[in-house]
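Trainee: The structure is given below, and queries will be raised subsequently.
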Amino acid sequence: MSTVKSLFLGLLIPGVFCLAGCGQSEKGGPQASEAEKVKNPVAGKVTIEGGRNPARVQIAFVRADLTDPEAPATANGTCDEYGYFEMTTNTTGDGCPPGKYKVRFYQSAFTPSGGRSVPIDALGEKYKDQNTSGFEVEIPTGGKKDLEFKITSLTQEEVDALLEQHRSAKKGNARRGKDL
């Protein structure tokens, strides 16, 4: 009987430890380490002067004071049609670690007819580089949910002109490809 008991315990104990420490989350994927977990909610609103819709404005916070090499260096967010955003580091809406950040913005332009996104920044690339965007924030422990950014964009005429340049360049590249 003791041999059966020993065999049973020999199989049961490692199985319990495996289940307790196998590192799987409820969704079946690996769990984030403590250094990767972020629970410091950060949210706010972007307003574009001149009334342009802030939908799809992409925001990135880039660490300006990376003192902890284990801490994530960036957090990202995207505005809804009213300009509201939540920052995400690892999981949707988890915010970002406390610290100082430089901020960059980008809004992809859309073609007038097809509604497709094109690689043209409707903000004129003015805010695309965090070192020259002119925006910095400090996020405290506990997060910050009342951030406000006011930015300017290109006029619709300027965006349309860039879209036309983009179309012309694509046509020129297509023609050159046929000539080769």
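Numbering starts fresh at 1 for the residues of each chain in the structure tokens, the chains themselves are lettered A, B, ... in the order given, and ligands are numbered from 1 as they appear.
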Tell me, as JSON, numbers by chain, which residues lie within 12 Å of A:Arg56, counting only C-alpha atoms; anything in the same chain fewer than 2 positions away does not count.

Mentor: {"A": [46, 48, 52, 53, 54, 58, 59, 77, 78, 79, 80, 81, 82, 83, 84, 85, 105, 106, 107, 108, 109, 110, 117, 121, 122, 123]}

Trainee: Dump N, CA and C atoms for the selected residues as a compact mmCIF listing (two decimals), in the first residue's frame?

Mentor:
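Generated output (part-v1.txt):
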```
# COMPACT_ATOMS: atom_id res chain seq x y z
N VAL A 46 -7.99 65.09 -27.33
CA VAL A 46 -7.25 65.88 -28.31
C VAL A 46 -8.26 66.74 -29.06
N ILE A 48 -8.49 69.46 -32.30
CA ILE A 48 -7.77 70.01 -33.44
C ILE A 48 -8.36 71.37 -33.73
N ARG A 52 -11.28 70.35 -37.45
CA ARG A 52 -11.08 69.06 -38.10
C ARG A 52 -11.37 67.94 -37.10
N ASN A 53 -11.98 66.87 -37.59
CA ASN A 53 -12.35 65.74 -36.75
C ASN A 53 -11.08 65.05 -36.22
N PRO A 54 -10.99 64.85 -34.91
CA PRO A 54 -9.80 64.21 -34.34
C PRO A 54 -9.81 62.68 -34.40
N GLN A 58 -3.45 59.29 -33.82
CA GLN A 58 -2.66 58.33 -33.05
C GLN A 58 -1.71 59.12 -32.15
N ILE A 59 -1.63 58.68 -30.91
CA ILE A 59 -0.80 59.35 -29.91
C ILE A 59 0.23 58.35 -29.40
N GLY A 77 -2.08 55.35 -28.03
CA GLY A 77 -3.52 55.52 -27.98
C GLY A 77 -4.03 56.05 -29.30
N THR A 78 -5.34 55.91 -29.53
CA THR A 78 -5.98 56.41 -30.73
C THR A 78 -7.26 57.13 -30.34
N CYS A 79 -7.48 58.30 -30.90
CA CYS A 79 -8.67 59.10 -30.58
C CYS A 79 -9.92 58.54 -31.25
N ASP A 80 -11.03 58.67 -30.55
CA ASP A 80 -12.32 58.39 -31.17
C ASP A 80 -12.79 59.64 -31.91
N GLU A 81 -13.99 59.64 -32.43
CA GLU A 81 -14.46 60.77 -33.24
C GLU A 81 -14.63 62.06 -32.44
N TYR A 82 -14.62 61.96 -31.11
CA TYR A 82 -14.74 63.14 -30.27
C TYR A 82 -13.39 63.60 -29.71
N GLY A 83 -12.33 62.84 -30.01
CA GLY A 83 -11.00 63.20 -29.55
C GLY A 83 -10.56 62.51 -28.28
N TYR A 84 -11.42 61.68 -27.70
CA TYR A 84 -11.06 61.00 -26.46
C TYR A 84 -10.14 59.81 -26.74
N PHE A 85 -9.19 59.60 -25.83
CA PHE A 85 -8.24 58.50 -25.98
C PHE A 85 -7.90 57.89 -24.62
N PHE A 105 2.04 62.91 -32.30
CA PHE A 105 0.72 62.71 -32.87
C PHE A 105 0.84 62.45 -34.36
N TYR A 106 -0.09 61.68 -34.90
CA TYR A 106 -0.15 61.40 -36.33
C TYR A 106 -1.60 61.10 -36.69
N GLN A 107 -2.05 61.63 -37.81
CA GLN A 107 -3.41 61.32 -38.28
C GLN A 107 -3.32 60.98 -39.76
N SER A 108 -3.59 59.75 -40.08
CA SER A 108 -3.55 59.31 -41.48
C SER A 108 -4.67 59.96 -42.27
N ALA A 109 -4.31 60.48 -43.44
CA ALA A 109 -5.32 61.07 -44.32
C ALA A 109 -6.04 59.94 -45.07
N PHE A 110 -7.22 60.22 -45.55
CA PHE A 110 -7.99 59.26 -46.32
C PHE A 110 -8.26 59.80 -47.71
N SER A 117 -7.06 54.64 -46.27
CA SER A 117 -6.00 55.35 -45.57
C SER A 117 -4.76 55.41 -46.46
N ASP A 121 0.25 62.41 -43.50
CA ASP A 121 -0.12 62.89 -42.19
C ASP A 121 -0.98 64.14 -42.34
N ALA A 122 -2.24 64.05 -41.96
CA ALA A 122 -3.16 65.19 -42.06
C ALA A 122 -2.79 66.31 -41.09
N LEU A 123 -1.84 66.04 -40.21
CA LEU A 123 -1.35 67.07 -39.28
C LEU A 123 -0.11 67.75 -39.84
```

Trainee: Which residues are close to A:Gly134, i.e. within 12 Å by only C-alpha atoms, leaving aside same-chain residues fewer than 5 positions away? Reply as JSON, numbers by chain.

Mentor: {"A": [101, 102, 103, 104, 105, 126, 127, 128, 129, 149, 150, 151]}

Trainee: The selected residues should be written to file as a compact mmCIF listing (two decimals), in the first residue's frame (atoms: N, CA and C atoms).

Mentor:
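The new file part-v3.txt reads:
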```txt
# COMPACT_ATOMS: atom_id res chain seq x y z
N TYR A 101 7.18 62.01 -20.22
CA TYR A 101 7.04 61.52 -21.59
C TYR A 101 7.05 62.67 -22.58
N LYS A 102 7.62 62.43 -23.73
CA LYS A 102 7.46 63.32 -24.87
C LYS A 102 6.33 62.71 -25.69
N VAL A 103 5.54 63.59 -26.32
CA VAL A 103 4.32 63.12 -26.99
C VAL A 103 4.40 63.41 -28.48
N ARG A 104 3.95 62.44 -29.28
CA ARG A 104 3.86 62.66 -30.72
C ARG A 104 2.46 62.27 -31.19
N PHE A 105 2.04 62.91 -32.30
CA PHE A 105 0.72 62.71 -32.87
C PHE A 105 0.84 62.45 -34.36
N LYS A 126 3.87 67.84 -38.36
CA LYS A 126 4.34 68.80 -37.35
C LYS A 126 4.60 68.13 -35.99
N TYR A 127 3.85 67.08 -35.69
CA TYR A 127 3.92 66.45 -34.37
C TYR A 127 4.44 65.02 -34.44
N LYS A 128 4.95 64.63 -35.59
CA LYS A 128 5.35 63.24 -35.83
C LYS A 128 6.60 62.83 -35.04
N ASP A 129 7.47 63.77 -34.72
CA ASP A 129 8.69 63.49 -33.98
C ASP A 129 8.52 63.99 -32.55
N PHE A 149 -4.86 68.05 -25.13
CA PHE A 149 -3.90 68.50 -26.13
C PHE A 149 -4.65 69.26 -27.20
N LYS A 150 -4.16 70.43 -27.57
CA LYS A 150 -4.71 71.21 -28.68
C LYS A 150 -3.64 71.25 -29.76
N ILE A 151 -4.01 70.74 -30.93
CA ILE A 151 -3.07 70.68 -32.04
C ILE A 151 -3.71 71.31 -33.28
```

Trainee: Of the candidates A:Ala43, A:Ile139, A:Ala64, A:Val57, which one gets nearest to A:Ser153 if we count only C-alpha atoms?

Mentor: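 Once distances to A:Ser153 are computed over only C-alpha atoms, the minimum belongs to A:Val57.
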
Trainee: Write out as a ChimeraX atom specification each polymer residue whose atoms come within 6 Å of A:Arg63, counting only C-alpha atoms; drop sequence neighbours fewer than 2 positions from it.

Mentor: /A:65-66,73,101

Trainee: Hey, which of A:Val137, A:Ala75, A:Leu162, A:Met87 ends up closest to A:Val62? Count only C-alpha atoms.

Mentor: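 Of all the options, A:Ala75 lies closest to A:Val62.
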